[in-house]
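Asker: The structure under discussion is supplied below as structure tokens; questions concerning it will follow.
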Amino acid sequence: MDKIETKEPMIVHGKIILPYTHSAGRVGSRFLRELRDSKRILAIRCPACNRVYVPPRSTCARCFGQLEEWVELDGRGTLITYTVVRYSLPVHPVKAPFALGIIQLDGADTGLIHMVGEADLENLSIGTRLEPVFKEVREGSILDIKYFRPLAP
Amino acid sequence: MGRRVAIVGIGQTHHRGRRPDVSVGEMINEAVRAALEDAQLTPKDIDAVLCSNMDFFEGYYLSDLVMADYTGAFLKPGFKINTGGTTGGAAAEVAWHHIASGLFDTVMTIAYQKQDEPISSQSALMTISDPIYDRMTRSGNVFAYMAEQYMHEKGATEEHAAIDRVKSDQNALRNPHAHLKLNLTVEEVMNSRMLAYPLRLLHMCPQSCGACVLIMASEERARKITNNPVWYKDQVTVFQECWHSTSEPLGPNPVESTKTVAARKLFARNGITKPRRDIQCLEMYEPASWCELVWLEDFLICDKAEAWKLLEKGVWHLEGEFPVNPSGGVVATNPIGATAMVRVAEAALQVRGDAGEHQVTRQVRRAIASSYGGFNWTILHLLCGSPDD
């Protein structure tokens, strides 16, 4: 027999078919329902350290308390930092180019990552004041917020 | 052997087929709070947090980080362990290493799985095997091969698998955390749907959602935390070559079972000469009822071809000479990444005398728990009521 050959490396194609149904859970379910049904953005407050979380979570990492005090936000916020995505991938929510930012909503202590739309991508700036634009057809997803756009000056 | 290590806190969820009411983190949090309550500790008392699962079931791989809000791991060290079916047992093992080594005094180790998140658990499970050969032909019937051999070589019948399944179900009915509580008859098991001859639907473990948590501590800490520590005395882990066709004890020229290798080693170094006398119960990771019978023999708990005969005499029942899976076992409850840790937790509850309705009749001084992972990766854990046992 010949020695182990290396002239044609063989490739076997594999595939894992695995769609998921992720449970939003106790507080996440209400957050997504309010987005879908009422275009409202809800946050949750920790009674011990007073931090206001959006999206909401049911345990405060710092205090380990169970959170249940809801806070309604008006949706306006400030751009903390941003990037402009110039390449497209199937996993992106929209086609490039688009702006992504960390937005601190008024009344919240946490940042929310979302898209910035109806904006001049060449002239975005940290500190821009923003407001949410909701999709017409909403299905209970963080993408029911279409994007945040700069507030009219 | 390093420092002595004890289990000082035990928590688990009420395992269910579906938990759409909670996120993964919220489900884990139920077991974390139960364990902290059991140990009368807060997250401030914990030095490191391990949080483990099998990645593909929920679809993210840095669960130790993603779940930190819900595990109390904020600003603490820790990581995840994924060793397939043995994940929960390996997660207990690594907590033991952390403490026995002297690096940490109090460690929380968490194992979980939420099997209602993947559309098909089988797709996730397929990732255990080699993608070039075994994954192409396999249909999850490894236990069918084993059952057929057991009947052919050892004289067991399909009725024995059914009697064993009913035994486990009767135990599960007494366990508040168990998932399937079916009040089965032998006839129902024997007439249940054939999956892959001779394996029937009711021989197999279910898909469960659940989490299990152990808080483990060094001897010095343990004695301050509780008057009733359960000593994580020893354990043996054994690997094997991972090919379906040569895996023990199925293929030609079979190698010795990893279970036998683990049992011989564990028993020898802990002075166990008559296992059914020196140990008082076993929580075994049995993915199918047939496994319980075959593996009792492999674990040297009885002789070859004897497990089904002792089953007929009630030896493995809750009130029997050597109760096996007093919790109802894996055929009743299978949050897969947590399943092996549930074995350790349930064995610890038996040693502590805290198993409630499913506490075995015998006084339990020592219990063993086993972890199983594809293929035939065995961890055998020994828990004792006294560190000198």
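By order in the structure tokens, chains are A, B, ...; within a chain, residues start at 1; ligands start at 1, following the order shown.
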Compile the residues of chain A that lie within 7 Å of chain B, evaluated using only C-alpha atoms, and express the compilation as a PyMOL selection string.

Answerer: chain A and resi 12+14+16-26+59-62+64

Asker: Using DSSP assignments from the backbone, pull out every residue in chain A that falls under strand (DSSP E) and give it to me as an MDAnalysis selection string.

Answerer: chainID A and resid 41:45 52:53 69:73 77:85 98:105 111:116 129:134 145:150

Asker: Run DSSP on the backbone and give me the residues of stretch 15-88 of chain A it puts in alpha helix (DSSP H), as a list of chain:residue names.

Answerer: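 For stretch 15-88 of chain A, the alpha helix (DSSP H) set is A:Gly25, A:Arg26, A:Val27, A:Gly28, A:Ser29, A:Arg30, A:Phe31, A:Leu32, A:Arg33, A:Glu34, A:Leu35, A:Arg36, A:Asp37, A:Ser38.
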
Asker: Could you save the residues just selected, with N, CA and C atoms, as a PDB file, in the first residue's frame?

Answerer:
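result-v4.pdb, freshly written:
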ATOM      1  N   GLY A  25     -39.452  35.383  29.917  1.00  0.00           N
ATOM      2  CA  GLY A  25     -39.493  35.259  31.371  1.00  0.00           C
ATOM      3  C   GLY A  25     -40.435  36.220  32.061  1.00  0.00           C
ATOM      4  N   ARG A  26     -40.317  36.273  33.372  1.00  0.00           N
ATOM      5  CA  ARG A  26     -41.282  36.980  34.218  1.00  0.00           C
ATOM      6  C   ARG A  26     -41.346  38.467  33.907  1.00  0.00           C
ATOM      7  N   VAL A  27     -40.204  39.159  33.869  1.00  0.00           N
ATOM      8  CA  VAL A  27     -40.254  40.602  33.612  1.00  0.00           C
ATOM      9  C   VAL A  27     -40.083  40.908  32.124  1.00  0.00           C
ATOM     10  N   GLY A  28     -39.330  40.073  31.427  1.00  0.00           N
ATOM     11  CA  GLY A  28     -39.128  40.286  29.999  1.00  0.00           C
ATOM     12  C   GLY A  28     -40.426  40.164  29.213  1.00  0.00           C
ATOM     13  N   SER A  29     -41.312  39.281  29.654  1.00  0.00           N
ATOM     14  CA  SER A  29     -42.590  39.113  28.954  1.00  0.00           C
ATOM     15  C   SER A  29     -43.412  40.392  29.012  1.00  0.00           C
ATOM     16  N   ARG A  30     -43.448  41.036  30.184  1.00  0.00           N
ATOM     17  CA  ARG A  30     -44.241  42.276  30.283  1.00  0.00           C
ATOM     18  C   ARG A  30     -43.591  43.396  29.458  1.00  0.00           C
ATOM     19  N   PHE A  31     -42.272  43.465  29.510  1.00  0.00           N
ATOM     20  CA  PHE A  31     -41.550  44.485  28.740  1.00  0.00           C
ATOM     21  C   PHE A  31     -41.892  44.376  27.242  1.00  0.00           C
ATOM     22  N   LEU A  32     -41.831  43.139  26.712  1.00  0.00           N
ATOM     23  CA  LEU A  32     -42.079  42.947  25.278  1.00  0.00           C
ATOM     24  C   LEU A  32     -43.554  43.154  24.926  1.00  0.00           C
ATOM     25  N   ARG A  33     -44.445  42.748  25.848  1.00  0.00           N
ATOM     26  CA  ARG A  33     -45.882  42.944  25.612  1.00  0.00           C
ATOM     27  C   ARG A  33     -46.227  44.428  25.519  1.00  0.00           C
ATOM     28  N   GLU A  34     -45.630  45.217  26.420  1.00  0.00           N
ATOM     29  CA  GLU A  34     -45.919  46.665  26.435  1.00  0.00           C
ATOM     30  C   GLU A  34     -45.369  47.337  25.177  1.00  0.00           C
ATOM     31  N   LEU A  35     -44.206  46.872  24.714  1.00  0.00           N
ATOM     32  CA  LEU A  35     -43.667  47.405  23.455  1.00  0.00           C
ATOM     33  C   LEU A  35     -44.635  47.129  22.309  1.00  0.00           C
ATOM     34  N   ARG A  36     -45.102  45.897  22.259  1.00  0.00           N
ATOM     35  CA  ARG A  36     -45.959  45.458  21.151  1.00  0.00           C
ATOM     36  C   ARG A  36     -47.343  46.136  21.197  1.00  0.00           C
ATOM     37  N   ASP A  37     -47.946  46.130  22.391  1.00  0.00           N
ATOM     38  CA  ASP A  37     -49.352  46.547  22.484  1.00  0.00           C
ATOM     39  C   ASP A  37     -49.517  48.052  22.687  1.00  0.00           C
ATOM     40  N   SER A  38     -48.566  48.688  23.395  1.00  0.00           N
ATOM     41  CA  SER A  38     -48.780  50.079  23.793  1.00  0.00           C
ATOM     42  C   SER A  38     -47.635  51.008  23.400  1.00  0.00           C
TER      43      SER A  38
END

Asker: Find the residues around stretch 253-264 of chain B up to 7 Å (only C-alpha atoms counted), leave out those fewer than 3 positions away in its own chain, and share them as a short mmCIF file (atom, residue, chain, number, x, y, z; two decimals) with N, CA and C atoms, in the first residue's frame.

Answerer:
data_model
loop_
_atom_site.label_atom_id
_atom_site.label_comp_id
_atom_site.auth_asym_id
_atom_site.auth_seq_id
_atom_site.Cartn_x
_atom_site.Cartn_y
_atom_site.Cartn_z
N VAL B 236 -14.06 9.27 41.22
CA VAL B 236 -13.18 8.80 40.15
C VAL B 236 -13.83 9.13 38.81
N THR B 237 -13.05 9.69 37.91
CA THR B 237 -13.52 9.99 36.55
C THR B 237 -12.78 9.10 35.57
N VAL B 238 -13.52 8.50 34.64
CA VAL B 238 -12.89 7.60 33.65
C VAL B 238 -13.42 7.92 32.25
N PHE B 239 -12.51 8.11 31.34
CA PHE B 239 -12.81 8.30 29.92
C PHE B 239 -12.69 6.99 29.17
N GLN B 240 -13.19 7.02 27.95
CA GLN B 240 -12.99 5.90 27.05
C GLN B 240 -12.85 6.42 25.64
N THR B 246 -16.96 0.78 18.98
CA THR B 246 -16.02 0.09 19.87
C THR B 246 -16.28 0.42 21.33
N GLU B 248 -17.56 0.37 25.02
CA GLU B 248 -17.93 -0.74 25.89
C GLU B 248 -19.41 -0.71 26.16
N PRO B 249 -20.02 -1.80 26.43
CA PRO B 249 -19.49 -3.15 26.22
C PRO B 249 -20.03 -3.71 24.94
N LEU B 250 -20.27 -2.83 23.95
CA LEU B 250 -21.10 -3.20 22.80
C LEU B 250 -20.33 -3.90 21.69
N PHE B 267 -13.76 2.01 45.25
CA PHE B 267 -13.99 1.09 46.37
C PHE B 267 -12.66 0.73 47.05
N ALA B 268 -11.64 0.48 46.24
CA ALA B 268 -10.35 0.06 46.80
C ALA B 268 -9.78 1.13 47.71
N ASP B 298 -22.16 -3.43 36.12
CA ASP B 298 -20.88 -2.80 35.75
C ASP B 298 -20.26 -2.06 36.94
N PHE B 299 -21.10 -1.50 37.80
CA PHE B 299 -20.60 -0.77 38.97
C PHE B 299 -20.23 -1.72 40.13
N LEU B 300 -20.28 -3.01 39.89
CA LEU B 300 -19.87 -4.03 40.85
C LEU B 300 -20.78 -4.06 42.10
N ASN B 376 -20.00 6.82 27.43
CA ASN B 376 -19.44 6.08 28.55
C ASN B 376 -18.32 6.80 29.27
N TRP B 377 -18.54 8.10 29.42
CA TRP B 377 -17.71 8.86 30.32
C TRP B 377 -18.36 8.71 31.70
N THR B 378 -17.63 8.21 32.66
CA THR B 378 -18.19 7.95 33.98
C THR B 378 -17.51 8.80 35.04
N LEU B 380 -17.86 8.70 39.23
CA LEU B 380 -18.49 8.04 40.38
C LEU B 380 -18.11 8.83 41.63
#

Asker: Which polymer residues have any atom within 7 Å of an atom of A:Leu151, counting only C-alpha atoms, with same-chain residues fewer than 4 positions away left out, as a ChimeraX atom specification?

Answerer: /A:129-131

Asker: Excluding stretch 207-222 of chain B and its own-chain neighbours fewer than 2 positions away, which residues fall within 6 Å of it when counting only C-alpha atoms? Please give them as a VMD selection string.

Answerer: chain B and resid 4 to 13 15 to 17 28 31 99 105 to 115 224 to 225 334 to 335 338
